[in-house]
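*Asks:* Have a look at this one.
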Number of protein chains: 4
Amino acid sequence: MSSHLGQIFRISTYGESHGGAVGVVVDGCPPRLALEAADVQRDLDRRRPGQSRLTTPRQEDDEVEILSGVFEGQTLGTPIGMMVRNRDARPSAYEDMRDVYRPSHADYTTEAKYGIRNWQGGGRASARETIGRVAAGAIARKLLAQALGVEVVGFVSQVHEVDAKVDAETVSLEQVEASLVRCPDAAASDQMIERIDAARERGDSLGGVVTCVARGVPPGLGEPVFHKLEADLAHGLLSLPASKGFEIGSGFAGARMTGIEHNDPFVPGEGGRPRTASNHSGGIQGGISNGEAIHLRVAFKPTATITQEQDTVNRDGEATRLAARGRHDPCVLPRAVPMVEAMVCLVLVDHWLRQRATDVL
Amino acid sequence: MSSHLGQIFRISTYGESHGGAVGVVVDGCPPRLALEAADVQRDLDRRRPGQSRLTTPRQEDDEVEILSGVFEGQTLGTPIGMMVRNRDARPSAYEDMRDVYRPSHADYTTEAKYGIRNWQGGGRASARETIGRVAAGAIARKLLAQALGVEVVGFVSQVHEVDAKVDAETVSLEQVEASLVRCPDAAASDQMIERIDAARERGDSLGGVVTCVARGVPPGLGEPVFHKLEADLAHGLLSLPASKGFEIGSGFAGARMTGIEHNDPFVPGEGGRPRTASNHSGGIQGGISNGEAIHLRVAFKPTATITQEQDTVNRDGEATRLAARGRHDPCVLPRAVPMVEAMVCLVLVDHWLRQRATDVL
Amino acid sequence: MSSHLGQIFRISTYGESHGGAVGVVVDGCPPRLALEAADVQRDLDRRRPGQSRLTTPRQEDDEVEILSGVFEGQTLGTPIGMMVRNRDARPSAYEDMRDVYRPSHADYTTEAKYGIRNWQGGGRASARETIGRVAAGAIARKLLAQALGVEVVGFVSQVHEVDAKVDAETVSLEQVEASLVRCPDAAASDQMIERIDAARERGDSLGGVVTCVARGVPPGLGEPVFHKLEADLAHGLLSLPASKGFEIGSGFAGARMTGIEHNDPFVPGEGGRPRTASNHSGGIQGGISNGEAIHLRVAFKPTATITQEQDTVNRDGEATRLAARGRHDPCVLPRAVPMVEAMVCLVLVDHWLRQRATDVL
Amino acid sequence: MSSHLGQIFRISTYGESHGGAVGVVVDGCPPRLALEAADVQRDLDRRRPGQSRLTTPRQEDDEVEILSGVFEGQTLGTPIGMMVRNRDARPSAYEDMRDVYRPSHADYTTEAKYGIRNWQGGGRASARETIGRVAAGAIARKLLAQALGVEVVGFVSQVHEVDAKVDAETVSLEQVEASLVRCPDAAASDQMIERIDAARERGDSLGGVVTCVARGVPPGLGEPVFHKLEADLAHGLLSLPASKGFEIGSGFAGARMTGIEHNDPFVPGEGGRPRTASNHSGGIQGGISNGEAIHLRVAFKPTATITQEQDTVNRDGEATRLAARGRHDPCVLPRAVPMVEAMVCLVLVDHWLRQRATDVL
């Protein structure tokens with residue numbers, strides 16, 4: 001059950017970082033959506049390694065092949081199989097890690113769980129697994145845009161101690177992509193890049209925060225109890241590698257507020273639809289979207305792979321030292337942006353289809 | 001699908017705040033666990049209204065009836081039906097809200113979704129719904145304790161701007177319960193109580209944070225991709241009413257750290273099991289428990305019900321003013337503690353049973 | 001997972017035959033369906049014991065209580081909890097069976113699975129569990145009738161070697177209910193009743209077949225692979241106690257036909273919709289409804305409870321003899337009719353809601 | 001949700017008959033099972049077209065590629081991606097069917113459901129989709145054999161009006177494979193082949209029955225209510241293309257018996273385990289396996305594709321005539337045997353893993 005997500009728009013991913021391929025099956029996509037590989041490739045290119053000097057030098061084109069579910073440029077309503085071959089795998093780079101657990105990686109826990117581990121890379125725990133999510137998310141994004149006019153934009157709002165100032169209500173994909181680090185605040189972007197370069201040079205890594213906004217979500221998505229929209233969003237986002245925290249709307253800052261400050265007063269809106277004068281709720285009230293923009297933030301830890309030598313133990317439980325080799329990102333934030341957007345799109349599209357199912361007769 | 005949680009230990013809840021009853025069906029509990037109503041009542045009593053002057057004066061005994069699944073003091077392996085009648089319902093107190101949306105409540109979104117709303121209280125969005133979770137969580141807690149020696153302890157670590165200092169590695173249920181506000185730091189507890197009293201007097205409300213620790217969780221629980229243990233925990237916790245944020249281990253603070261600071265070095269442990277010298281991971285690496293204590297934090301917003309008059313709109317989309325009546329908590333934190341613990345127990349027990357299913361042959 | 005059915009219209013049942021209550025939670029019912037207890041009671045009365053001299057004399061009113069999900073006579077879109085108390089339980093009648101396995105009952109397999117058994121009756125394996133199904137099925141039936149004009153009618157088409165002649169295209173509920181044995185062929189009905197009376201007198205029991213037809217099902221329900229409509233129907237029907245076989249359309253007789261005989265030629269129908277000249281397909285082609293009436297048949301074995309003495313073993317594995325006591329039906333067929341209808345309604349309504357979710361944009 | 005099966009051992013298939021590939025993702029397979037492509041290829045070779053003169057002449061090697069989930073010859077516990085390319089696709093052969101609905105095929109219902117259809121072959125409704133099932137079933141078979149000693153053997157017991165006599169308790173795979181039509185009764189086999197040849201020559205097709213036995217299934221698999229073992233078997237088998245009926249144990253014949261005849265008396269067995277003197281139950285009682293061999297039968301209709309001209313309608317709803325072209329089997333029975341076995345293995349392995357999850361503590 002590890003590799004399924006969604007109730008209606010349901011995806012199943014497979015693949016290790018150094019096996020034959022990674023892929024995804026998207027089940028439950030409505031028929032007759034115009035779709036071609038290029039729609040998916042666009043987001044995969046934003047995710048792929050080697051796209052800038054800030055990211056891992058691993059060379060992967062990550063070219064997607066659509067194996068099924070599309071006919072004459074339209075979805076059939078049947079499962080959409082998509083696959084990306086692993087090409088630039090260098091298992092020998094991992095030979096050292098065969099018997100040694102990298103600190104704050106999944107090496108030890110994978111063995112504790114399964115009694116076996118593909119030590120030639122991160123295996124299933126590799127960020128390479130997110131290819132399937134981003135590919136599926138691209139389809140979800142297209143559906144949401146076309147059917148509902150929803151727009152999902154993520155950006156890097158913090159790297160280490162550099163905080164960006166961005167107006168989430170208006171920020172555009174173009175503004176985000178104009179920055180190497182995907183931070184649309186130019187001054188902050190420059191500082192972030194500087195810090196990332198410095199971290200790489202000293203064999204260190206940095207954490208940060210991705211903020212994401214979904215605009216145009218209609219009221220009524222989400223369910224009142226276990227599948228509150230923010231609960232499913234939190235689930236999706238915390239399933240991304242290296243994520244450590246999630247906030248919706250006011251988040252942890254809201255815990256320091258009083259009700260008078262925090263409540264979002266309703267005001268009359270267009271067409272009789274209530275709007276809120278503030279948006280501490282982050283677009284969701286009682287687990288259900290209220291039509292305002294959905295705001296969320298995801299904290300990512302610094303990359304666990306660092307080249308400075310660290311204390312660790314081997315498979316026999318003996319103390320040893322390890323300096324990582326292998327190719328990696330000194331800061332996952334820039335590449336995390338399309339992953340965050342993908343998860344948000346996947347959760348939203350699933351809730352939209354669920355709502356269609358049980359909508360008022 | 002709104003009201004189901006879990007894959008193996010699967011619960012289904014039902015009930016509105018002012019209907020006949022609230023309840024839960026627990027499916028997938030292994031047979032031959034000693035169980036009686038008192039095991040469940042203990043946690044329900046920690047959750048129930050009217051337990052202290054800090055909580056809503058609504059008078060509900062919340063006495064649970066076990067309807068099925070238990071025979072001669074043992075679970076049968078069949079679904080355990082549990083029910084609590086609603087007794088002290090006062091729908092008339094809500095008459096004002098029939099046509100007016102309370103700010104930052106689920107009134108508007110419920111109508112946007114369903115086209116109908118039980119306006120006699122919070123309906124399905126009421127915190128009363130958590131009775132089923134706490135009842136089911138009590139069974140999960142007992143299973144975890146008995147089978148694995150797991151201990152789950154939550155406490156209030158922040159109310160408004162009062163932060164408590166608590167050693168999560170050693171804190172006990174008794175220490176928590178000794179405080180009216182469930183904060184085991186006596187000085188902070190006093191300040192919190194003072195602030196809550198003041199907020200109630202001025203018709204305001206306060207937010208805060210619950211910290212929860214799970215000790216004794218064996219390595220190997222959780223799955224590497226969509227059902228990372230922290231993802232399912234985030235899901236469970238963000239499904240609680242009024243929650244706005246979730247952190248595992250270092251959380252948002254981790255996003256301001258470097259890899260050298262954040263990585264948890266492995267050190268040899270007892271019986272050859274690796275331990276970590278620090279615990280920024282919060283007991284989970286790559287989505288799988290590593291045997292260290294699991295640490296998480298949940299932010300709760302200030303209660304939306306306040307008695308000061310606020311701007312809002314009515315069902316016709318016209319501006320109006322509303323001063324809440326009805327009984328409520330000026331701060332949900334004390335009663336949120338057993339809810340947080342319940343969700344943690346429910347997620348952990350489900351992952352433990354899942355691991356049993358696919359464990360190495 | 002034992003006690004859940006459905007993907008969107010999802011039901012969870014609970015309860016043993018001799019515990020406190022049996023019940024069901026219906027999740028995923030669309031809002032604003034007019035619903036009151038009488039809608040549900042009607043089908044429960046057709047299912048209940050003691051309704052005629054052909055059925056077990058156990059006296060149960062089986063009066064349903066709706067605990068949640070309905071407000072001012074309409075569904076809220078939230079889970080509908082329904083419960084029926086067990087009243088005429090006589091556990092002492094089962095004292096003999098405490099340590100002895102009744103042949104062709106679930107006594108032995110229940111213990112093999114769970115290591116424990118509520119020996120005071122059939123426990124979870126009792127046909128009493130079907131109360132929840134019939135109650136949920138009544139809601140499904142109402143939804144289908146109102147939204148789609150679907151009509152589901154079942155009848156007894158065979159008892160032992162008595163075969164009825166019934167025109168399934170036109171048979172009505174009233175015709176079925178006019179027969180004590182629920183067989184709308186009057187001559188066959190009389191013979192069936194005679195045989196059932198004879199079987200009871202000699203301490204024996206009889207099997208038979210229920211035929212069910214669903215008229216007015218729109219084309220397009222069902223999915224092409226694992227959730228073919230006939231597959232989900234087969235699943236639902238074979239989950240009924242005592243069922244041994246399932247046929248859709250031509251069934252096993254179809255296996256003796258040639259393609260030329262079996263194929264259903266298309267002919268032009270009203271409004272341009274293709275109709276079929278014959279209906280060997282039973283209303284489903286490639287797993288998807290084609291708009292013709294759905295025809296299915298379910299075989300039921302003779303009741304396992306017989307009063308003649310039989311060979312068996314006890315819990316210590318020793319040979320012994322047993323003559324059943326306890327109250328029972330010498331032939332389950334008459335009461336099986338509402339159960340079959342309920343399962344058909346539950347499967348159809350779920351597929352209809354699924355189709356709404358992913359229908360063409 | 002159309003393309004998922006199983007709760008723990010969960011498979012997702014994808015692929016049309018004339019798209020790029022068909023494939024399957026197997027999630028939930030326990031780690032450290034020895035597995036190589038040859039284990040899977042064996043059953044695929046029994047399923048593939050062109051294997052004998054009785055089957056379609058479509059030339060497909062159906063060579064499987066394992067894309068993930070296996071490392072150094074062992075399963076990793078992660079999803080196993082498997083893929084088979086479509087090679088001998090001849091869409092032009094289907095040009096006629098572009099606008100005309102083939103009788104008793106899924107052409108019309110597919111369009112009714114999705115509003116679009118890959119008319120170049122059967123699309124998702126093609127029997128080619130069963131490649132993924134057979135591939136996944138081969139892994140399930142290996143797990144069952146290794147962990148429990150379970151043996152699953154299917155055979156053709158009827159073609160048209162030719163009935164075979166086979167001792168299901170002892171029949172072996174070798175005996176089945178010795179017959180071109182997979183019927184281990186030599187005399188019947190000869191007659192069946194003769195009839196199939198004759199049907200092909202006259203442009204007709206034949207139906208029949210596959211019987212399947214599972215030996216060595218331990219007591220305790222299956223769940224007492226909706227997931228009775230026979231219910232899940234019926235579901236799996238009726239999800240196979242062209243299936244029309246399902247029987248467990250006595251099946252429809254049981255409906256003509258009395259309780260005295262039908263009940264299976266218990267007798268003391270080895271190691272204190274009760275055995276039954278007869279097996280009308282078919283190895284399952286109350287939905288749970290009792291340790292006896294599981295017996296089931298599946299009816300298949302005659303292939304819908306026949307070369308004699310038939311009445312039908314086109315997409316505009318006008319009457320027309322159609323004589324099928326394209327390659328096909330005049331009788332699906334021989335190739336249905338490995339499909340039936342695959343479904344039985346998939347259902348059994350899933351129930352075994354479910355039982356592991358909630359087994360007595």
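Residues in the structure tokens are numbered from 1 in each chain, the chains being A, B, ... in the order shown, and ligands are numbered from 1 in the order shown.
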Tell me as a ChimeraX atom specification which residues belonging to chain A come within 8 Å of chain D, counting only C-alpha atoms.
*Replies:* /A:1-3,7-10,12-16,19-22,25,27-28,30-32,66-69,71,76-81,114-118,124
*Asks:* Find the residues near stretch 327-334 of chain D: any atom within 7 Å, counting only C-alpha atoms, skip ones fewer than 3 places away on the same chain, and give them as a list in words.
*Replies:*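 In the requested format, the answer is Leu54, Thr55, Thr56, Pro57, Arg58, Val156, Val181, Arg182, Ile196, Ala199, Arg200, Asp204, Ser205, Leu206, Gly207, Gly208, Val210, Pro302, Thr303, Thr305 and Val337 of chain D.
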*Asks:* How about saving the chosen residues, N, CA and C atoms kept, as a PDB file, in the first residue's frame?
*Replies:*
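Contents of selection38.pdb, as written:
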ATOM      1  N   LEU D  54      -4.887 -23.809 -31.732  1.00  0.00           N
ATOM      2  CA  LEU D  54      -6.221 -23.493 -31.208  1.00  0.00           C
ATOM      3  C   LEU D  54      -6.366 -22.015 -30.880  1.00  0.00           C
ATOM      4  N   THR D  55      -5.263 -21.300 -30.810  1.00  0.00           N
ATOM      5  CA  THR D  55      -5.336 -19.912 -30.327  1.00  0.00           C
ATOM      6  C   THR D  55      -5.094 -18.932 -31.469  1.00  0.00           C
ATOM      7  N   THR D  56      -5.383 -17.670 -31.179  1.00  0.00           N
ATOM      8  CA  THR D  56      -5.224 -16.611 -32.169  1.00  0.00           C
ATOM      9  C   THR D  56      -3.810 -16.620 -32.764  1.00  0.00           C
ATOM     10  N   PRO D  57      -3.702 -16.364 -34.064  1.00  0.00           N
ATOM     11  CA  PRO D  57      -2.382 -16.348 -34.686  1.00  0.00           C
ATOM     12  C   PRO D  57      -1.588 -15.068 -34.434  1.00  0.00           C
ATOM     13  N   ARG D  58      -2.164 -14.135 -33.650  1.00  0.00           N
ATOM     14  CA  ARG D  58      -1.392 -12.918 -33.351  1.00  0.00           C
ATOM     15  C   ARG D  58      -0.044 -13.346 -32.775  1.00  0.00           C
ATOM     16  N   VAL D 156      -9.471 -27.172 -18.143  1.00  0.00           N
ATOM     17  CA  VAL D 156     -10.732 -27.028 -18.871  1.00  0.00           C
ATOM     18  C   VAL D 156     -11.588 -28.256 -18.590  1.00  0.00           C
ATOM     19  N   VAL D 181      -5.736 -28.406 -25.323  1.00  0.00           N
ATOM     20  CA  VAL D 181      -6.871 -27.608 -24.875  1.00  0.00           C
ATOM     21  C   VAL D 181      -6.889 -27.469 -23.337  1.00  0.00           C
ATOM     22  N   ARG D 182      -5.828 -27.979 -22.723  1.00  0.00           N
ATOM     23  CA  ARG D 182      -5.664 -27.949 -21.260  1.00  0.00           C
ATOM     24  C   ARG D 182      -6.789 -28.697 -20.541  1.00  0.00           C
ATOM     25  N   ILE D 196     -13.606 -27.368 -31.480  1.00  0.00           N
ATOM     26  CA  ILE D 196     -13.041 -26.016 -31.655  1.00  0.00           C
ATOM     27  C   ILE D 196     -12.614 -25.829 -33.108  1.00  0.00           C
ATOM     28  N   ALA D 199     -15.685 -25.275 -35.162  1.00  0.00           N
ATOM     29  CA  ALA D 199     -16.258 -23.936 -34.930  1.00  0.00           C
ATOM     30  C   ALA D 199     -15.476 -22.896 -35.719  1.00  0.00           C
ATOM     31  N   ARG D 200     -14.157 -22.990 -35.656  1.00  0.00           N
ATOM     32  CA  ARG D 200     -13.356 -22.011 -36.390  1.00  0.00           C
ATOM     33  C   ARG D 200     -13.679 -22.060 -37.862  1.00  0.00           C
ATOM     34  N   ASP D 204     -17.516 -19.715 -36.320  1.00  0.00           N
ATOM     35  CA  ASP D 204     -18.275 -19.674 -35.072  1.00  0.00           C
ATOM     36  C   ASP D 204     -17.298 -19.752 -33.886  1.00  0.00           C
ATOM     37  N   SER D 205     -17.818 -19.800 -32.688  1.00  0.00           N
ATOM     38  CA  SER D 205     -16.959 -19.888 -31.504  1.00  0.00           C
ATOM     39  C   SER D 205     -17.679 -20.688 -30.426  1.00  0.00           C
ATOM     40  N   LEU D 206     -16.934 -21.104 -29.378  1.00  0.00           N
ATOM     41  CA  LEU D 206     -17.501 -21.968 -28.336  1.00  0.00           C
ATOM     42  C   LEU D 206     -17.179 -21.458 -26.939  1.00  0.00           C
ATOM     43  N   GLY D 207     -18.107 -21.732 -26.021  1.00  0.00           N
ATOM     44  CA  GLY D 207     -17.879 -21.429 -24.614  1.00  0.00           C
ATOM     45  C   GLY D 207     -17.410 -22.659 -23.857  1.00  0.00           C
ATOM     46  N   GLY D 208     -17.326 -22.533 -22.533  1.00  0.00           N
ATOM     47  CA  GLY D 208     -16.913 -23.679 -21.732  1.00  0.00           C
ATOM     48  C   GLY D 208     -16.687 -23.302 -20.282  1.00  0.00           C
ATOM     49  N   VAL D 210     -13.867 -23.539 -16.896  1.00  0.00           N
ATOM     50  CA  VAL D 210     -12.586 -23.873 -16.265  1.00  0.00           C
ATOM     51  C   VAL D 210     -12.856 -24.222 -14.815  1.00  0.00           C
ATOM     52  N   PRO D 302     -18.998 -18.152 -25.302  1.00  0.00           N
ATOM     53  CA  PRO D 302     -18.276 -18.273 -26.567  1.00  0.00           C
ATOM     54  C   PRO D 302     -17.685 -16.923 -26.972  1.00  0.00           C
ATOM     55  N   THR D 303     -16.495 -16.944 -27.551  1.00  0.00           N
ATOM     56  CA  THR D 303     -15.839 -15.715 -28.009  1.00  0.00           C
ATOM     57  C   THR D 303     -16.820 -14.865 -28.812  1.00  0.00           C
ATOM     58  N   THR D 305     -16.055 -12.547 -30.934  1.00  0.00           N
ATOM     59  CA  THR D 305     -15.591 -12.342 -32.301  1.00  0.00           C
ATOM     60  C   THR D 305     -15.865 -13.587 -33.140  1.00  0.00           C
ATOM     61  N   VAL D 337      -7.129 -20.809 -18.728  1.00  0.00           N
ATOM     62  CA  VAL D 337      -6.652 -21.576 -17.566  1.00  0.00           C
ATOM     63  C   VAL D 337      -5.602 -20.797 -16.768  1.00  0.00           C
TER      64      VAL D 337
END
*Asks:* To one decimal in Å, tell me the separation between atom CA of D:Val347 and atom CA of D:Glu230.
*Replies:*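 Calculated distance between atom CA of D:Val347 and atom CA of D:Glu230 is 9.5 Å.
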*Asks:* Find the spatial neighbours of B:Arg315, counting only C-alpha atoms, within a cut-off of 8 Å - ignore same-chain residues fewer than 4 positions away - and output them as a list in words.
*Replies:*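 Everything that qualifies: Asp99, Val100 and Tyr101 of chain B.
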*Asks:* I'd like the contact shell of D:Met257 - 8 Å cut-off, only C-alpha atoms, skipping same-chain residues fewer than 2 positions apart - returned as a ChimeraX atom specification.
*Replies:* /C:160,206-207,301-302 /D:253-255,259,261-262
*Asks:* Take the residues from that selection and put them in a file with N, CA, C and O atoms, as a short mmCIF file (atom, residue, chain, number, x, y, z; two decimals), in the first residue's frame.
*Replies:*
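Just written: out.cif:
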data_model
loop_
_atom_site.label_atom_id
_atom_site.label_comp_id
_atom_site.auth_asym_id
_atom_site.auth_seq_id
_atom_site.Cartn_x
_atom_site.Cartn_y
_atom_site.Cartn_z
N HIS C 160 -35.11 -26.25 -3.98
CA HIS C 160 -34.80 -27.67 -4.19
C HIS C 160 -35.00 -27.97 -5.68
O HIS C 160 -34.35 -27.33 -6.50
N LEU C 206 -33.56 -27.00 2.86
CA LEU C 206 -33.52 -26.98 1.39
C LEU C 206 -32.76 -25.77 0.86
O LEU C 206 -32.81 -24.69 1.45
N GLY C 207 -32.12 -25.96 -0.29
CA GLY C 207 -31.47 -24.87 -1.00
C GLY C 207 -32.36 -24.30 -2.08
O GLY C 207 -33.52 -24.67 -2.21
N LYS C 301 -27.20 -22.63 -0.71
CA LYS C 301 -27.18 -24.01 -0.24
C LYS C 301 -28.32 -24.21 0.77
O LYS C 301 -28.86 -23.23 1.30
N PRO C 302 -28.66 -25.45 1.05
CA PRO C 302 -29.62 -25.70 2.13
C PRO C 302 -29.04 -25.22 3.46
O PRO C 302 -27.84 -25.34 3.69
N ALA D 253 -25.54 -26.83 -8.22
CA ALA D 253 -26.04 -28.17 -7.89
C ALA D 253 -26.42 -28.26 -6.42
O ALA D 253 -27.37 -28.95 -6.04
N GLY D 254 -25.71 -27.53 -5.59
CA GLY D 254 -26.01 -27.52 -4.15
C GLY D 254 -27.39 -26.98 -3.85
O GLY D 254 -28.01 -27.34 -2.84
N ALA D 255 -27.87 -26.11 -4.74
CA ALA D 255 -29.20 -25.52 -4.53
C ALA D 255 -30.31 -26.56 -4.72
O ALA D 255 -31.46 -26.31 -4.38
N GLY D 259 -30.23 -30.28 3.28
CA GLY D 259 -29.18 -30.06 4.27
C GLY D 259 -28.49 -31.34 4.68
O GLY D 259 -27.28 -31.39 4.91
N GLU D 261 -28.01 -33.99 2.93
CA GLU D 261 -27.07 -34.39 1.87
C GLU D 261 -25.87 -33.46 1.78
O GLU D 261 -24.75 -33.87 1.48
N HIS D 262 -26.13 -32.18 1.99
CA HIS D 262 -25.12 -31.16 1.68
C HIS D 262 -24.11 -30.94 2.80
O HIS D 262 -22.94 -30.65 2.53
#
*Asks:* Quick one: distance from atom CA of A:Ala125 to atom CA of A:Ser239 in Å, one decimal?
*Replies:* 10.8 Å
*Asks:* Find the distance between atom CA of A:Asp311 and atom CA of A:Ser104 and write it in Å to one decimal.
*Replies:*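 Atom-to-atom, atom CA of A:Asp311 and atom CA of A:Ser104 are spaced 11.3 Å apart.
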*Asks:* Name the closest residue to A:Pro224 among the candidates B:Ala106, B:Ile131, B:Ala319, B:Val153; distances are taken between atoms, counting only C-alpha atoms.
*Replies:* B:Ala106
*Asks:* Just the residues within 12 Å of C:Ala38, please, counting only C-alpha atoms, with nothing from its chain fewer than 4 positions along; format it as a CSV table (one decimal) with all heavy atoms, in the first residue's frame.
*Replies:*
chain,number,residue,atom,x,y,z
C,34,ALA,N,-34.4,12.8,0.5
C,34,ALA,CA,-35.4,12.7,1.5
C,34,ALA,C,-35.3,11.3,2.2
C,34,ALA,O,-35.3,10.3,1.4
C,34,ALA,CB,-36.8,12.9,0.9
C,42,ARG,N,-39.1,-0.6,5.8
C,42,ARG,CA,-39.8,-1.5,4.9
C,42,ARG,C,-39.0,-2.7,4.4
C,42,ARG,O,-39.5,-3.8,4.5
C,42,ARG,CB,-40.1,-0.6,3.7
C,42,ARG,CG,-41.3,-1.1,2.8
C,42,ARG,CD,-41.7,0.0,1.8
C,42,ARG,NE,-42.0,1.2,2.4
C,42,ARG,CZ,-41.5,2.4,2.1
C,42,ARG,NH1,-40.5,2.5,1.3
C,42,ARG,NH2,-41.9,3.5,2.8
C,43,ASP,N,-37.8,-2.5,4.1
C,43,ASP,CA,-36.9,-3.6,3.7
C,43,ASP,C,-36.5,-4.5,4.8
C,43,ASP,O,-36.4,-5.7,4.7
C,43,ASP,CB,-35.7,-3.2,2.9
C,43,ASP,CG,-36.1,-2.9,1.4
C,43,ASP,OD1,-37.1,-3.5,0.9
C,43,ASP,OD2,-35.3,-2.2,0.7
C,44,LEU,N,-36.3,-3.9,6.0
C,44,LEU,CA,-36.0,-4.7,7.2
C,44,LEU,C,-37.1,-5.6,7.5
C,44,LEU,O,-36.9,-6.7,8.0
C,44,LEU,CB,-35.6,-3.8,8.3
C,44,LEU,CG,-34.3,-3.1,8.3
C,44,LEU,CD1,-34.0,-2.2,9.5
C,44,LEU,CD2,-33.1,-4.1,8.2
C,45,ASP,N,-38.3,-5.1,7.4
C,45,ASP,CA,-39.5,-6.0,7.7
C,45,ASP,C,-39.6,-7.2,6.7
C,45,ASP,O,-40.0,-8.3,7.1
C,45,ASP,CB,-40.8,-5.2,7.6
C,45,ASP,CG,-40.9,-4.2,8.8
C,45,ASP,OD1,-40.1,-4.4,9.8
C,45,ASP,OD2,-41.7,-3.3,8.7
C,63,GLU,N,-36.3,-3.0,14.8
C,63,GLU,CA,-36.7,-1.7,14.5
C,63,GLU,C,-35.4,-0.8,14.4
C,63,GLU,O,-34.6,-0.8,15.3
C,63,GLU,CB,-37.6,-1.2,15.7
C,63,GLU,CG,-38.4,0.1,15.3
C,63,GLU,CD,-39.2,0.5,16.5
C,63,GLU,OE1,-39.7,-0.3,17.3
C,63,GLU,OE2,-39.4,1.7,16.6
C,64,VAL,N,-35.3,-0.1,13.4
C,64,VAL,CA,-34.1,0.6,13.1
C,64,VAL,C,-34.1,2.0,13.8
C,64,VAL,O,-35.2,2.7,13.8
C,64,VAL,CB,-33.8,0.8,11.6
C,64,VAL,CG1,-34.8,1.7,10.9
C,64,VAL,CG2,-32.4,1.2,11.3
C,65,GLU,N,-33.0,2.4,14.3
C,65,GLU,CA,-32.8,3.8,14.7
C,65,GLU,C,-31.8,4.5,13.9
C,65,GLU,O,-30.7,4.0,13.7
C,65,GLU,CB,-32.4,3.8,16.2
C,65,GLU,CG,-32.3,5.2,16.8
C,65,GLU,CD,-31.8,5.2,18.3
C,65,GLU,OE1,-31.5,4.1,18.8
C,65,GLU,OE2,-31.8,6.3,18.9
C,66,ILE,N,-32.1,5.7,13.4
C,66,ILE,CA,-31.2,6.4,12.6
C,66,ILE,C,-30.5,7.4,13.6
C,66,ILE,O,-31.1,8.2,14.2
C,66,ILE,CB,-31.8,7.2,11.4
C,66,ILE,CG1,-32.5,6.2,10.4
C,66,ILE,CG2,-30.8,8.1,10.7
C,66,ILE,CD1,-33.1,6.9,9.2
C,73,GLY,N,-35.5,15.5,7.9
C,73,GLY,CA,-36.0,14.7,6.8
C,73,GLY,C,-35.2,14.5,5.6
C,73,GLY,O,-35.6,14.0,4.6
C,135,ALA,N,-30.5,-2.5,5.5
C,135,ALA,CA,-30.8,-1.1,5.9
C,135,ALA,C,-30.1,-0.1,4.9
C,135,ALA,O,-30.6,0.8,4.4
C,135,ALA,CB,-30.3,-0.8,7.3
C,138,ALA,N,-31.5,-0.2,1.4
C,138,ALA,CA,-32.8,0.6,1.2
C,138,ALA,C,-32.5,2.0,0.9
C,138,ALA,O,-33.3,2.6,0.1
C,138,ALA,CB,-33.6,0.5,2.5
C,139,ILE,N,-31.5,2.6,1.4
C,139,ILE,CA,-31.1,3.9,1.0
C,139,ILE,C,-30.6,4.0,-0.4
C,139,ILE,O,-30.9,4.8,-1.2
C,139,ILE,CB,-30.0,4.5,2.0
C,139,ILE,CG1,-30.6,4.5,3.4
C,139,ILE,CG2,-29.6,5.9,1.6
C,139,ILE,CD1,-29.6,5.0,4.5
C,142,LYS,N,-33.4,3.8,-2.8
C,142,LYS,CA,-34.2,5.0,-2.9
C,142,LYS,C,-33.4,6.0,-3.8
C,142,LYS,O,-34.0,6.7,-4.7
C,142,LYS,CB,-34.4,5.7,-1.5
C,142,LYS,CG,-35.4,6.8,-1.6
C,142,LYS,CD,-36.0,7.2,-0.3
C,142,LYS,CE,-37.1,8.2,-0.5
C,142,LYS,NZ,-37.6,8.8,0.8
